[in-house]
Each structure stands twice: as structure tokens, then as C-alpha cells.
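Visitor: Here you go, one structure.
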Amino acid sequence: MKNITKIFFALITLSLVFVGCDKDNYTGDSKVNYTAPTATYTNDAASTTIDESAIDADDGLTVTFEATLSEAVQFDIYIDLTQTGGTMNGSDYELSRIYIPALATTGTGSITFFKTGDIEGDETLELTANTGSANVNGSDTFNFTLTGDYINDVMAFTFDWAGSYTYEPIDGAEITLDYCGIDFDFYILDSGFNFMPPWDAATSSCPESFELTGLADGTYYLVSDLYLNDFSGTGVGQDLPITVSYSQEYFDSGSFVFNAYNTDDSSGTYLMGQVDVANGYEYTITGL
């Protein structure tokens, strides 16, 4: 009886082994055979030649690229846009990758062109959709030309003398002098010391400001004029420094302090700075 039982259990065990081996023959059916889809591309540029006058000074001009896959896949795809030729550099544009979400067949990326404000001449760009690391077949190349240089020749000036002084007369309460109650005007002179309207700041504001543009190459002078000072009779003799700030978009900014006035002055006109212009848009500012 014991031998029969042993034989019975041996047969059951052997049958399980055969069933297990037979089932293993189908494990190959679980393997995924991945075929990379093919991408095709379009862009929404009205023209491959872009005039810089059409580029917004703050936001730039953006061209959008769309990639379409031959079939959807189950993972996100990123396709790089890279410069593969041309004379533009990183200050002229900014790129974003083309992004195609999982299970989708289309996605977008972009290039944004910027104004640089200096003379560069016509520039070119060869841009390639690079699928090397994206598990996608199909690449494409796009060519752009930037023309019509935008030249920023605007130099903005601000003249600021804001401040105050508090004193107490012998026979009275405290008095505070608000320096913005003093009226200064500012002008530009040419190299022959002739006034050059309309470049002046004479509005009774504090601070005053104006912008220079369209000047011929040469040397010019900033002039300050004390137009009205109702505090001149107080006799407190406090300095009235004027801070001259200047800025040109896309270029350096700076400032200097002009010290020639005090609260006792009732008038006074001075050369306070020199402006040298070269190539129509390159400014050198020097305090005097």
C-alpha cells in the first residue's frame, strides 16, 4: 500500500512539472516590440525673413513649431531644437523643446527672437529639430534671416535733487525745507555751446527728465539752471546735490552727482556733464 501511494504522488509531481514547462513556452508573448514613430514638422512663421521692426521690444517675436507623430506612444516625447548653422548668437533668440505628451500625436515648441539694439547687419539661423534622444524618427531643418537692424539710439536722463532740511529758528517752531520746492531746469548745448531744443527739461517737476535721440556724432553738454529758489533767504547754507542718472536700453546705465548749488543760491547756470556720441547710438557720459 505504501508503494502504491508513493507511485501516485510521484505521478502527480511529474505531471505538474510538465504543465509548468508547457506554460513557459508562451512567455515570449509578453515581450513588447517597439517601433519608433516618425515625426513631421510645421511652423507658423509668416515668413522666414523677419524684420526687427516687427519684434516687440519687451516680449520679442515668437515662432511656434508643431510636430506630428505617425502614431501615438505611451510616454512623453521631447524633441530638441538646436542651432546647426548661421550667424545669430544666444542674445538674439531663446528656444524651447517640442513637447508631445504620452498618447498624443502632436506637440509644440518655439523660438523667440529679440531686439538687441546694436548694429549687427543681416543675421541668419539654421535650426534643426533633433530627434537623436527622443525615440522618434524624422528630423527637419528651418532657416531664418533677421534683417532691418533695430538700432536703439535713445539715451534717457533723469535729474533728481529730492531731499529736505529741518531747522529751528531762534524765535519759532521747526521749519522743514523740501528741496523739490526749488525749480531747476536742464538743457543740452552743442559743441559750440548753442542751446538745442527740444532736448530740455524745464517743467518745474522734481525730478526732471528728457531723452536724447537722433543726435549727430559729436560732443554735447548738459547744463543746469536754477530757475527759482524761495529758500534762498533762509541762510541755512545746505548743499543741493543733483543726481544725474542715464540709461540706454540694451546698453549700460550709470549716474553721477553734481555739486554746485546750496540752499542760499537764488540763481546759477553751470555745465554739469559732457555727452559724446559716436556711430549714431554709442554714448559716453562724463560728469563735470
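Each chain in the C-alpha cells gets a letter, A, B, ..., in the order shown, and its residues are numbered from 1; ligands are numbered from 1 in order too.
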Would you return as a ChimeraX atom specification the members of segment 21-240 of chain A that DSSP assigns to alpha helix (DSSP H) on this structure's backbone?

Guide: /A:21-24

Visitor: Could you write those residues out with N, CA and C atoms, as a PDB file, in the first residue's frame?

Guide:
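Written out: out-v3.pdb:
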```pdb
ATOM      1  N   CYS A  21       6.393  23.366 -17.511  1.00  0.00           N
ATOM      2  CA  CYS A  21       7.268  23.529 -18.672  1.00  0.00           C
ATOM      3  C   CYS A  21       6.473  23.947 -19.888  1.00  0.00           C
ATOM      4  N   ASP A  22       5.275  23.399 -20.049  1.00  0.00           N
ATOM      5  CA  ASP A  22       4.456  23.717 -21.217  1.00  0.00           C
ATOM      6  C   ASP A  22       4.007  25.179 -21.167  1.00  0.00           C
ATOM      7  N   LYS A  23       3.656  25.682 -19.959  1.00  0.00           N
ATOM      8  CA  LYS A  23       3.224  27.068 -19.801  1.00  0.00           C
ATOM      9  C   LYS A  23       4.356  28.033 -20.121  1.00  0.00           C
ATOM     10  N   ASP A  24       5.570  27.672 -19.794  1.00  0.00           N
ATOM     11  CA  ASP A  24       6.728  28.543 -20.021  1.00  0.00           C
ATOM     12  C   ASP A  24       6.978  28.790 -21.490  1.00  0.00           C
TER      13      ASP A  24
END
```

Visitor: So that I can see what lies close to Gly163 of chain A, please list as a PyMOL selection string the residues with an atom at most 9 Å from it, counting only C-alpha atoms and leaving out residues fewer than 5 positions away in the same chain.

Guide: chain A and resi 177-180+240

Visitor: Could those selected residues go to a file with N, CA and C atoms, as a PDB file, in the first residue's frame?

Guide:
```pdb
ATOM      1  N   LEU A 177      12.609 122.427   4.992  1.00  0.00           N
ATOM      2  CA  LEU A 177      12.735 122.828   3.592  1.00  0.00           C
ATOM      3  C   LEU A 177      12.688 121.587   2.714  1.00  0.00           C
ATOM      4  N   ASP A 178      11.702 121.500   1.849  1.00  0.00           N
ATOM      5  CA  ASP A 178      11.596 120.405   0.879  1.00  0.00           C
ATOM      6  C   ASP A 178      12.291 120.856  -0.399  1.00  0.00           C
ATOM      7  N   TYR A 179      13.421 120.217  -0.721  1.00  0.00           N
ATOM      8  CA  TYR A 179      14.227 120.676  -1.851  1.00  0.00           C
ATOM      9  C   TYR A 179      13.484 120.602  -3.181  1.00  0.00           C
ATOM     10  N   CYS A 180      12.446 119.756  -3.262  1.00  0.00           N
ATOM     11  CA  CYS A 180      11.674 119.705  -4.504  1.00  0.00           C
ATOM     12  C   CYS A 180      10.866 120.986  -4.724  1.00  0.00           C
ATOM     13  N   LEU A 240      23.000 121.316  -2.173  1.00  0.00           N
ATOM     14  CA  LEU A 240      21.901 120.815  -3.012  1.00  0.00           C
ATOM     15  C   LEU A 240      22.484 119.918  -4.109  1.00  0.00           C
TER      16      LEU A 240
END
```

Visitor: For a quick check of understanding, using only C-alpha atoms, which of A:Thr82, A:Gly107, A:Lys115, A:Ala216 has the smallest distance to Leu61 of chain A?

Guide: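 Nearest candidate to Leu61 of chain A out of A:Thr82, A:Gly107, A:Lys115, A:Ala216: A:Lys115.
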
Visitor: Which residues are close to segment 143-153 of chain A, i.e. within 8 Å by only C-alpha atoms, leaving aside same-chain residues fewer than 6 positions away? Reply as a compact mmCIF listing (two decimals) with C-alpha atoms, in the first residue's frame.

Guide:
```txt
# COMPACT_ATOMS: atom_id res chain seq x y z
CA THR A 48 11.46 83.05 -42.91
CA THR A 49 12.76 86.64 -43.22
CA ILE A 50 11.95 88.68 -40.12
CA ASP A 51 12.37 92.45 -39.95
CA GLU A 52 13.47 93.61 -36.49
CA SER A 53 10.86 96.38 -36.62
CA LYS A 115 15.82 93.03 -30.48
CA THR A 116 19.44 93.59 -29.46
CA GLY A 117 19.64 97.34 -30.07
CA ASP A 118 23.01 97.44 -31.82
CA ILE A 119 24.33 97.27 -35.38
CA GLU A 120 24.79 93.67 -36.50
CA GLY A 121 23.68 93.61 -40.13
CA ASP A 122 21.52 90.81 -41.52
CA GLU A 123 21.84 87.60 -39.50
CA THR A 124 20.90 84.02 -40.33
CA LEU A 125 19.89 80.97 -38.33
CA GLU A 126 19.74 77.30 -39.28
CA LEU A 127 17.58 75.49 -36.74
CA LEU A 212 18.23 112.23 -26.38
CA THR A 213 17.80 110.67 -29.82
CA GLY A 214 18.81 111.36 -33.40
CA GLN A 248 20.03 103.28 -22.77
CA GLU A 249 18.01 100.10 -23.32
CA TYR A 250 20.23 97.07 -24.14
CA GLY A 280 24.78 107.50 -34.10
CA TYR A 281 23.93 105.45 -30.99
CA GLU A 282 27.04 104.95 -28.84
```

Visitor: My list of candidates is A:Ala129, A:Ile111, A:Ala46, A:Ile182. Which is closest to Val63 of chain A when distances are computed with only C-alpha atoms?

Guide: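 Residue with the minimum atom-to-atom distance to Val63 of chain A: A:Ile111.
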
Visitor: Within 8 Å of segment 258-267 of chain A, which residues of segment 231-254 of chain A come that close, and what is the closest atom pair and distance in Å for each? Count only C-alpha atoms and give it as JSON lines.

Guide:
```
{"residue": "A:Phe231", "atom": "CA", "partner": "A:Thr263", "partner_atom": "CA", "distance": 6.2}
{"residue": "A:Ser232", "atom": "CA", "partner": "A:Asp264", "partner_atom": "CA", "distance": 4.0}
{"residue": "A:Gly233", "atom": "CA", "partner": "A:Asp264", "partner_atom": "CA", "distance": 6.4}
{"residue": "A:Thr234", "atom": "CA", "partner": "A:Asp264", "partner_atom": "CA", "distance": 7.0}
{"residue": "A:Gly235", "atom": "CA", "partner": "A:Asp264", "partner_atom": "CA", "distance": 5.7}
{"residue": "A:Val236", "atom": "CA", "partner": "A:Thr263", "partner_atom": "CA", "distance": 6.8}
{"residue": "A:Gly237", "atom": "CA", "partner": "A:Asp264", "partner_atom": "CA", "distance": 5.3}
{"residue": "A:Gln238", "atom": "CA", "partner": "A:Asn262", "partner_atom": "CA", "distance": 5.2}
{"residue": "A:Asp239", "atom": "CA", "partner": "A:Asn262", "partner_atom": "CA", "distance": 4.2}
{"residue": "A:Leu240", "atom": "CA", "partner": "A:Asn262", "partner_atom": "CA", "distance": 4.7}
{"residue": "A:Pro241", "atom": "CA", "partner": "A:Asn259", "partner_atom": "CA", "distance": 4.8}
{"residue": "A:Ile242", "atom": "CA", "partner": "A:Phe258", "partner_atom": "CA", "distance": 5.1}
{"residue": "A:Thr243", "atom": "CA", "partner": "A:Phe258", "partner_atom": "CA", "distance": 6.3}
{"residue": "A:Val244", "atom": "CA", "partner": "A:Phe258", "partner_atom": "CA", "distance": 7.3}
```

Visitor: Rounded to one decimal in Å, what is the spacing between atom CA of Glu168 of chain A and atom CA of Asn229 of chain A?

Guide: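 Taking atom CA of Glu168 of chain A as the start and atom CA of Asn229 of chain A as the end point, the length is 19.7 Å.
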
Visitor: Any idea what's packed within 12 Å of Met272 of chain A, counting only C-alpha atoms, ignoring anything in its chain fewer than 2 positions away? Could you give it as a tab-separated table (two decimals) with C-alpha atoms, in the first residue's frame?

Guide:
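Resulting contents of part_16.tsv:
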```tsv
chain	number	residue	atom	x	y	z
A	159	PHE	CA	17.90	114.84	-12.81
A	186	PHE	CA	18.18	121.31	-17.62
A	187	TYR	CA	19.31	121.74	-21.23
A	188	ILE	CA	21.59	120.37	-23.92
A	189	LEU	CA	24.21	122.51	-25.69
A	220	TYR	CA	27.38	117.91	-26.34
A	221	TYR	CA	26.98	119.41	-22.87
A	222	LEU	CA	24.42	119.03	-20.08
A	223	VAL	CA	23.52	122.35	-18.49
A	224	SER	CA	21.74	123.04	-15.17
A	225	ASP	CA	19.91	126.29	-14.43
A	241	PRO	CA	23.43	117.79	-4.81
A	242	ILE	CA	21.82	116.80	-8.13
A	243	THR	CA	21.99	113.14	-9.13
A	244	VAL	CA	22.17	112.68	-12.90
A	256	PHE	CA	26.97	110.88	-11.32
A	257	VAL	CA	26.38	113.56	-8.67
A	258	PHE	CA	26.75	117.25	-9.49
A	259	ASN	CA	27.59	119.53	-6.54
A	260	ALA	CA	27.47	123.24	-7.33
A	261	TYR	CA	24.40	124.58	-5.53
A	268	GLY	CA	23.14	129.86	-11.22
A	269	THR	CA	23.82	128.18	-14.56
A	270	TYR	CA	26.54	125.51	-14.92
A	274	GLN	CA	29.52	116.01	-21.26
A	275	VAL	CA	27.85	113.71	-23.79
A	285	ILE	CA	28.59	110.30	-20.42
A	286	THR	CA	31.05	112.20	-18.22
A	287	GLY	CA	30.26	114.31	-15.18
A	288	LEU	CA	31.99	117.72	-14.96
```

Visitor: DSSP says strand (DSSP E) for which residues of segment 63-269 of chain A? Put them as an MDAnalysis selection string?

Guide: chainID A and resid 63:69 77:86 93:100 106:113 123:130 140:147 155:160 164:167 175:178 183:189 195:201 208:212 218:228 242:247 254:258 268:269
